[in-house]
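Participant: Okay, handing you the structure first.
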Amino acid sequence: MLLYRKSMKIIFFFLALAFFSVPVFAQNISVKSFRVLANDLDARSTFPKKDQNGDVCAIIKVVTTETGFECDGDQLGIVEMVKKTSEFWLYVPYGAKRLTIRHSKLGQLRDYNYPERIEKATVYEMVLTTGKVKTIVEEEEIKTTWLTFKSVPEGADIYINDVLKGVTPLPVKLTPGKYTYRLEKAMYHNEAGAVEITGDEPGGKKEISLDLKPAFGFVKINTTPENGATVLIDDNEVSGKTPYTSDKLKSGKHKVTVKKEMYQPKSIEFTITDGKTTEETVSLSPNFANLTISTQPEADIYIDGSKTATGNYKGRILAGVHSFEGKKDKHYPDKKDKEIEAGKEEIINLLLQPKLGNLDIVSNPIDATVYIDNERKGTTPLTLKKLLIGDYTLKLEKQGFGTVTKTITVTEGKTTDISETLPAGENINITSSPSGAEIYIDGAKAGGTPYNATLSYGSHKIKLINGKKTVEETINITQGGKTNYIYNVSEFGNYTETTSGLNLEMVAVEGGSFTMGCTSEQSDCSTDENPTHKVTLSNYYIGKYEVTQKQWEQVMGTKPSYFKNCDNCPVETVSWNDIQEFLQILNTKTGKTYTLPTEAQWEYAARGGSKSKGYKYSGGNSLGDVAWFTDNSSSKTHSVGQKQANELGIFDMTGNVWEWCSDWYDEKYYKNSPANNPQGANSGSLRVYRGGSWGSEARNCRVAYRFNPFPVYRTYFIGLRLAFVP
């Protein structure tokens, strides 16, 4: 639209030239804006002038880039016209209405009516637009240059013509002209100068780089005779103690104050020089004495009511009056008040007097050894003099008699009488499981269990007999010692569970300790067989044979096995979960609590229990002699008990079918397994079976090998063996 209007004006100009024979110039002076400058006080106070009536004139500040103007007012006239940079001022009387502006080249603006009422002592701004109408209108290209300021260090404030422009490094776009600049940064001296921009700088760029000179330095503070003092600079505490080196400090005078316990504070002034480190050493005046305190006998030391040490004390104390006291149980305290002078050596001795009493001690029988607080003092009868008051532990001993131990009290200035009778023996109880066992004491029959009697102090031989089971022990009767003795005389041996015609043969496994896991005879071990670890088990029973198909059917009424027509073959194709139902029904029938063996029970029995000979497989090192496995099984199960038994008389713990254990599987369980009767991990998603099967290779038939299926898993490789804990 602007180009269109300019084009229309140009066309109109050429049409005018066609009708007139003389040149005509359009009016090239116009008012762009006229407004009151309400906050400008030039007319009222800074540059006031009065009109012919004595009133303060208004000022019209005419803003223009041109010069050479002439102005006429209305009938009130113009008091004065003053030329200023980029503008001129007209002093006009109050109430003026119109203005005419003339220029020799730009023409005139005739009878311009002020849009604002002209008031006294008021400043107005009139912005003129001037120009000359030409047939080609070109806007003047403004020349500019990028002036970049850099400083070392960076971050200095940059002022151009006293106007803040930003911080270094900073590029500023400037038109031609002369400029002043100033760089300011805390802790550095200002840098200032002038620069001229022509607009013709190479590449349109110019750079000013300045190294700012530091207006700061440092101070290093030491104190004598000791460092470690708190430092305040200009009354502000700093972090760190003497010897102290400050952060940057502004150049000039500063004050340092140092404070240290036991010394008078001291302040000095110092001067920081640009870029330098000032060193100051402050001499502190002591406000203490060196104090030595000793006590006789060794006692607690109190200074001004606070416990400071025991026995002896060396240290510093502030000058002034202080209280020193020694305190000890069963003694009179010793207290001294003394005025302490700074810079001196003070020695204080505290002497405490004991509170004493006596003891007379007799016993029945006499010649008993007397101990006071475990220190032997002699034999009865005995008088002990000058004992510190208070409570003591008295002990009387004589061979063949019990010991008397009691607390006695020594009273100040008195003799305490003690008379004691030593006991001759202790009442004891002997019980057995089961009860009714014959009991012999020191070779003489004493009756049956349970047994209660008084035995003299010393050693006695005890023997209990229950059928074929005999238990013998030597016991030592002491005062305050053990008085209850319990013995297990139950006969532990193999048995057969015949309930409902099951014929389950169970082997007694006497408890003991063994090394579980990858022991030396086991080769090619898996990681979960390590580390080897010692396990101790209590007595338990384990099945002589794997549970057969017939026995499963007798309990469950089903035949789940893959291999048919073999009642004496081990049952298989049963999951861990299936077996839990089997056990529930079996236990209801028998009244016992049969379980699957734990991994530890299974491995201990497979190794031969306490009779183990250290075989690799259960019963021997020749796998074919003790097991049905992949090389000799013809890919099927076989009747139980056909191979060689192990040391405990147990069959098929290697091969035939894998045997489920009760444990949750944990690969790292051996690292944290309890030493006594371990039950396996507390939780998990997998269970364990052991021993290998008719389809297993030799490595998997080792007694230490572990496998870990899901408890719902069924296959013709897996069966079970029972366990029972009495």
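Identifiers in this document derive from the order of the structure tokens: chains are assigned A, B, ..., residues are numbered from 1 separately in each chain, and ligands are numbered from 1 in order of occurrence.
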Quick one: residues within 7 Å of Thr295 in chain A, only C-alpha atoms counted, chain neighbours fewer than 3 positions away excluded, as a PyMOL selection string?

Facilitator: chain A and resi 298-299+311-312+326+349-351

Participant: Which residues come within 9 Å of range 35-50 of chain A, counting only C-alpha atoms, excluding same-chain residues fewer than 5 positions away, as a PyMOL selection string?

Facilitator: chain A and resi 55-59+79-80+91+93+115-116+120-126

Participant: Would you please extract all alpha helix (DSSP H) residues from range 480-567 of chain A, as assigned by DSSP on the backbone, and give them as a PyMOL selection string?

Facilitator: chain A and resi 549-556

Participant: Extract, using only C-alpha atoms, all DNA, RNA and protein residues at most 10 Å from range 180-189 of chain A, discarding same-chain residues fewer than 2 positions from it, and format them as a VMD selection string.

Facilitator: chain A and resid 149 to 151 153 to 164 167 to 168 178 191 to 196 210 to 217 248 to 251 274

Participant: Write out the residues from the selection above, keeping N, CA, C and O atoms, as a tab-separated table (two decimals), in the first residue's frame.

Facilitator:
chain	number	residue	atom	x	y	z
A	149	PHE	N	33.64	-6.33	22.69
A	149	PHE	CA	34.47	-6.09	23.87
A	149	PHE	C	34.81	-7.44	24.51
A	149	PHE	O	33.93	-8.26	24.75
A	150	LYS	N	36.08	-7.65	24.79
A	150	LYS	CA	36.54	-8.83	25.50
A	150	LYS	C	37.41	-8.40	26.67
A	150	LYS	O	38.08	-7.36	26.60
A	151	SER	N	37.38	-9.23	27.74
A	151	SER	CA	38.20	-8.90	28.90
A	151	SER	C	38.75	-10.16	29.53
A	151	SER	O	38.17	-11.24	29.39
A	153	PRO	N	39.77	-11.12	33.39
A	153	PRO	CA	38.80	-12.20	33.20
A	153	PRO	C	37.52	-11.70	32.54
A	153	PRO	O	37.28	-10.50	32.45
A	154	GLU	N	36.70	-12.65	32.11
A	154	GLU	CA	35.43	-12.30	31.53
A	154	GLU	C	34.44	-11.87	32.62
A	154	GLU	O	34.71	-11.96	33.80
A	155	GLY	N	33.25	-11.41	32.15
A	155	GLY	CA	32.19	-11.08	33.10
A	155	GLY	C	32.21	-9.65	33.57
A	155	GLY	O	31.54	-9.30	34.54
A	156	ALA	N	32.97	-8.77	32.91
A	156	ALA	CA	32.99	-7.36	33.29
A	156	ALA	C	31.78	-6.64	32.71
A	156	ALA	O	31.35	-6.92	31.59
A	157	ASP	N	31.20	-5.71	33.48
A	157	ASP	CA	30.12	-4.87	32.97
A	157	ASP	C	30.69	-3.88	31.96
A	157	ASP	O	31.74	-3.26	32.20
A	158	ILE	N	30.01	-3.72	30.81
A	158	ILE	CA	30.47	-2.81	29.77
A	158	ILE	C	29.46	-1.67	29.62
A	158	ILE	O	28.27	-1.91	29.42
A	159	TYR	N	29.95	-0.44	29.80
A	159	TYR	CA	29.14	0.77	29.62
A	159	TYR	C	29.60	1.48	28.35
A	159	TYR	O	30.81	1.69	28.14
A	160	ILE	N	28.65	1.87	27.47
A	160	ILE	CA	28.93	2.68	26.28
A	160	ILE	C	28.15	3.97	26.44
A	160	ILE	O	26.92	3.96	26.60
A	161	ASN	N	28.92	5.08	26.41
A	161	ASN	CA	28.32	6.41	26.66
A	161	ASN	C	27.52	6.38	27.98
A	161	ASN	O	26.39	6.88	28.06
A	162	ASP	N	28.13	5.70	29.01
A	162	ASP	CA	27.55	5.62	30.36
A	162	ASP	C	26.27	4.80	30.44
A	162	ASP	O	25.55	4.86	31.44
A	163	VAL	N	25.97	4.03	29.40
A	163	VAL	CA	24.79	3.17	29.40
A	163	VAL	C	25.25	1.72	29.47
A	163	VAL	O	26.06	1.28	28.64
A	164	LEU	N	24.75	0.94	30.49
A	164	LEU	CA	25.14	-0.45	30.64
A	164	LEU	C	24.59	-1.27	29.47
A	164	LEU	O	23.39	-1.27	29.20
A	167	VAL	N	27.67	-7.77	29.73
A	167	VAL	CA	28.94	-8.20	30.31
A	167	VAL	C	29.80	-8.84	29.24
A	167	VAL	O	29.30	-9.41	28.26
A	168	THR	N	31.11	-8.73	29.43
A	168	THR	CA	32.05	-9.31	28.46
A	168	THR	C	32.04	-10.83	28.57
A	168	THR	O	31.82	-11.37	29.65
A	178	LYS	N	31.59	8.81	17.52
A	178	LYS	CA	32.55	8.67	18.60
A	178	LYS	C	31.82	8.22	19.86
A	178	LYS	O	30.76	8.74	20.17
A	191	GLU	N	38.50	0.00	33.49
A	191	GLU	CA	39.21	0.36	32.26
A	191	GLU	C	38.26	1.18	31.41
A	191	GLU	O	37.10	0.80	31.20
A	192	ALA	N	38.73	2.34	30.93
A	192	ALA	CA	37.87	3.23	30.15
A	192	ALA	C	38.63	3.76	28.95
A	192	ALA	O	39.87	3.73	28.90
A	193	GLY	N	37.89	4.27	27.96
A	193	GLY	CA	38.51	4.82	26.77
A	193	GLY	C	37.47	5.33	25.81
A	193	GLY	O	36.28	5.39	26.10
A	194	ALA	N	37.96	5.74	24.65
A	194	ALA	CA	37.07	6.24	23.59
A	194	ALA	C	37.37	5.49	22.31
A	194	ALA	O	38.49	5.03	22.08
A	195	VAL	N	36.36	5.36	21.47
A	195	VAL	CA	36.53	4.66	20.21
A	195	VAL	C	35.67	5.37	19.16
A	195	VAL	O	34.57	5.86	19.45
A	196	GLU	N	36.20	5.43	17.94
A	196	GLU	CA	35.45	6.05	16.83
A	196	GLU	C	35.06	4.95	15.85
A	196	GLU	O	35.89	4.14	15.43
A	210	LEU	N	40.83	-6.19	26.63
A	210	LEU	CA	41.49	-5.56	27.76
A	210	LEU	C	41.80	-6.58	28.84
A	210	LEU	O	40.98	-7.45	29.14
A	211	ASP	N	42.99	-6.50	29.40
A	211	ASP	CA	43.35	-7.28	30.59
A	211	ASP	C	43.09	-6.41	31.81
A	211	ASP	O	43.74	-5.37	32.01
A	212	LEU	N	42.11	-6.81	32.62
A	212	LEU	CA	41.75	-6.03	33.80
A	212	LEU	C	42.80	-6.23	34.90
A	212	LEU	O	43.24	-7.35	35.17
A	213	LYS	N	43.17	-5.14	35.49
A	213	LYS	CA	44.19	-5.20	36.53
A	213	LYS	C	43.52	-5.46	37.88
A	213	LYS	O	42.53	-4.81	38.22
A	214	PRO	N	44.03	-6.43	38.64
A	214	PRO	CA	43.38	-6.78	39.90
A	214	PRO	C	43.40	-5.62	40.88
A	214	PRO	O	44.41	-4.91	41.00
A	215	ALA	N	42.28	-5.48	41.56
A	215	ALA	CA	42.19	-4.52	42.66
A	215	ALA	C	42.02	-5.29	43.96
A	215	ALA	O	41.23	-4.93	44.82
A	216	PHE	N	42.75	-6.42	44.04
A	216	PHE	CA	42.64	-7.29	45.20
A	216	PHE	C	43.97	-7.95	45.48
A	216	PHE	O	44.89	-7.93	44.63
A	217	GLY	N	44.07	-8.54	46.62
A	217	GLY	CA	45.24	-9.33	47.00
A	217	GLY	C	44.81	-10.36	48.03
A	217	GLY	O	43.63	-10.67	48.19
A	248	LYS	N	40.19	-13.77	47.96
A	248	LYS	CA	40.46	-12.42	47.46
A	248	LYS	C	39.94	-11.38	48.44
A	248	LYS	O	38.81	-11.46	48.92
A	249	LEU	N	40.78	-10.37	48.71
A	249	LEU	CA	40.38	-9.23	49.51
A	249	LEU	C	40.60	-7.96	48.70
A	249	LEU	O	41.61	-7.82	48.00
A	250	LYS	N	39.67	-7.02	48.78
A	250	LYS	CA	39.78	-5.77	48.05
A	250	LYS	C	41.01	-5.01	48.52
A	250	LYS	O	41.32	-4.94	49.71
A	251	SER	N	41.73	-4.43	47.55
A	251	SER	CA	42.94	-3.69	47.90
A	251	SER	C	42.59	-2.55	48.84
A	251	SER	O	41.54	-1.91	48.72
A	274	ASP	N	47.54	-4.59	45.33
A	274	ASP	CA	47.07	-5.27	44.12
A	274	ASP	C	47.93	-6.48	43.78
A	274	ASP	O	49.16	-6.36	43.61

Participant: So that I can see what lies close to Lys220 in chain A, please list as a PDB file with N, CA, C and O atoms, in the first residue's frame the residues with an atom at most 8 Å from it, counting only C-alpha atoms and leaving out residues fewer than 3 positions away in the same chain.

Facilitator:
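This is the output file out.pdb:
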ATOM      1  N   PRO A 243      47.400 -21.488  60.735  1.00  0.00           N
ATOM      2  CA  PRO A 243      47.767 -20.548  59.672  1.00  0.00           C
ATOM      3  C   PRO A 243      46.670 -20.466  58.611  1.00  0.00           C
ATOM      4  O   PRO A 243      46.212 -21.499  58.138  1.00  0.00           O
ATOM      5  N   TYR A 244      46.291 -19.217  58.272  1.00  0.00           N
ATOM      6  CA  TYR A 244      45.135 -18.999  57.390  1.00  0.00           C
ATOM      7  C   TYR A 244      45.551 -18.142  56.206  1.00  0.00           C
ATOM      8  O   TYR A 244      46.225 -17.117  56.368  1.00  0.00           O
ATOM      9  N   THR A 245      45.164 -18.570  55.011  1.00  0.00           N
ATOM     10  CA  THR A 245      45.355 -17.773  53.797  1.00  0.00           C
ATOM     11  C   THR A 245      43.984 -17.418  53.257  1.00  0.00           C
ATOM     12  O   THR A 245      43.153 -18.304  53.034  1.00  0.00           O
ATOM     13  N   SER A 246      43.747 -16.147  53.052  1.00  0.00           N
ATOM     14  CA  SER A 246      42.412 -15.661  52.706  1.00  0.00           C
ATOM     15  C   SER A 246      42.074 -15.924  51.249  1.00  0.00           C
ATOM     16  O   SER A 246      42.931 -16.234  50.421  1.00  0.00           O
ATOM     17  N   THR A 277      50.321 -10.992  48.117  1.00  0.00           N
ATOM     18  CA  THR A 277      49.922 -11.661  49.356  1.00  0.00           C
ATOM     19  C   THR A 277      50.644 -11.007  50.522  1.00  0.00           C
ATOM     20  O   THR A 277      51.880 -10.970  50.556  1.00  0.00           O
ATOM     21  N   THR A 278      49.883 -10.458  51.423  1.00  0.00           N
ATOM     22  CA  THR A 278      50.440  -9.817  52.613  1.00  0.00           C
ATOM     23  C   THR A 278      50.525 -10.853  53.736  1.00  0.00           C
ATOM     24  O   THR A 278      49.571 -11.585  53.975  1.00  0.00           O
ATOM     25  N   GLU A 279      51.662 -10.940  54.391  1.00  0.00           N
ATOM     26  CA  GLU A 279      51.838 -11.880  55.499  1.00  0.00           C
ATOM     27  C   GLU A 279      51.863 -11.118  56.818  1.00  0.00           C
ATOM     28  O   GLU A 279      52.584 -10.126  56.961  1.00  0.00           O
ATOM     29  N   GLU A 280      51.065 -11.582  57.759  1.00  0.00           N
ATOM     30  CA  GLU A 280      50.998 -10.969  59.079  1.00  0.00           C
ATOM     31  C   GLU A 280      51.116 -12.061  60.146  1.00  0.00           C
ATOM     32  O   GLU A 280      50.498 -13.114  60.030  1.00  0.00           O
TER      33      GLU A 280
END

Participant: Write out as a list in words each polymer residue whose atoms come within 8 Å of Gly512 in chain A, counting only C-alpha atoms; drop sequence neighbours fewer than 5 positions from it.

Facilitator: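 My list of contacting residues is Thr536, Leu537, Ser538, Asn539, Gly609 and Ser610 of chain A.
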
Participant: For the selection you just gave me, I'd like the residues written to a file as an mmCIF file, in the first residue's frame, keeping C-alpha atoms.

Facilitator:
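So the final result, stored in out_1.cif, reads:
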data_model
loop_
_atom_site.group_PDB
_atom_site.id
_atom_site.type_symbol
_atom_site.label_atom_id
_atom_site.label_comp_id
_atom_site.auth_asym_id
_atom_site.auth_seq_id
_atom_site.Cartn_x
_atom_site.Cartn_y
_atom_site.Cartn_z
ATOM 1 C CA THR A 536 25.068 -81.956 61.739
ATOM 2 C CA LEU A 537 21.869 -84.021 61.741
ATOM 3 C CA SER A 538 19.745 -85.588 64.492
ATOM 4 C CA ASN A 539 18.512 -89.222 64.362
ATOM 5 C CA GLY A 609 25.811 -91.933 57.369
ATOM 6 C CA SER A 610 28.254 -92.533 60.226
#

Participant: I'd like the neighbourhood of range 520-524 of chain A as a list of chain:residue names, where a residue qualifies if any of its atoms comes within 10 Å (using only C-alpha atoms), though same-chain residues fewer than 5 positions away should be ignored.

Facilitator: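 The filter keeps A:Glu529, A:Thr532, A:Gly614, A:Tyr615, A:Lys616, A:Tyr617, A:Asn621, A:Arg699, A:Asn700, A:Arg702, A:Val703, A:Ala704, A:Tyr705.
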
Participant: I'd like the neighbourhood of Lys84 in chain A as JSON, numbers by chain, where a residue qualifies if any of its atoms comes within 12 Å (using only C-alpha atoms), though same-chain residues fewer than 5 positions away should be ignored.

Facilitator: {"A": [61, 62, 63, 64, 65, 66, 67, 89, 90]}

Participant: Write out as number ranges by chain all residues of range 35-260 of chain A that DSSP puts in strand (DSSP E or B) for this structure's backbone.

Facilitator: A: 35-36, 50, 56, 58-63, 69-73, 80-84, 87-92, 98-103, 107-113, 123-130, 145-152, 157-160, 163-167, 170-174, 177-184, 188, 191-197, 205-211, 214, 216-224, 230-233, 236-241, 244-245, 249-250, 252-259

Participant: Report the distance between CA of Leu291 in chain A and CA of Tyr313 in chain A in Å, rounded to one decimal place.

Facilitator: 7.7 Å
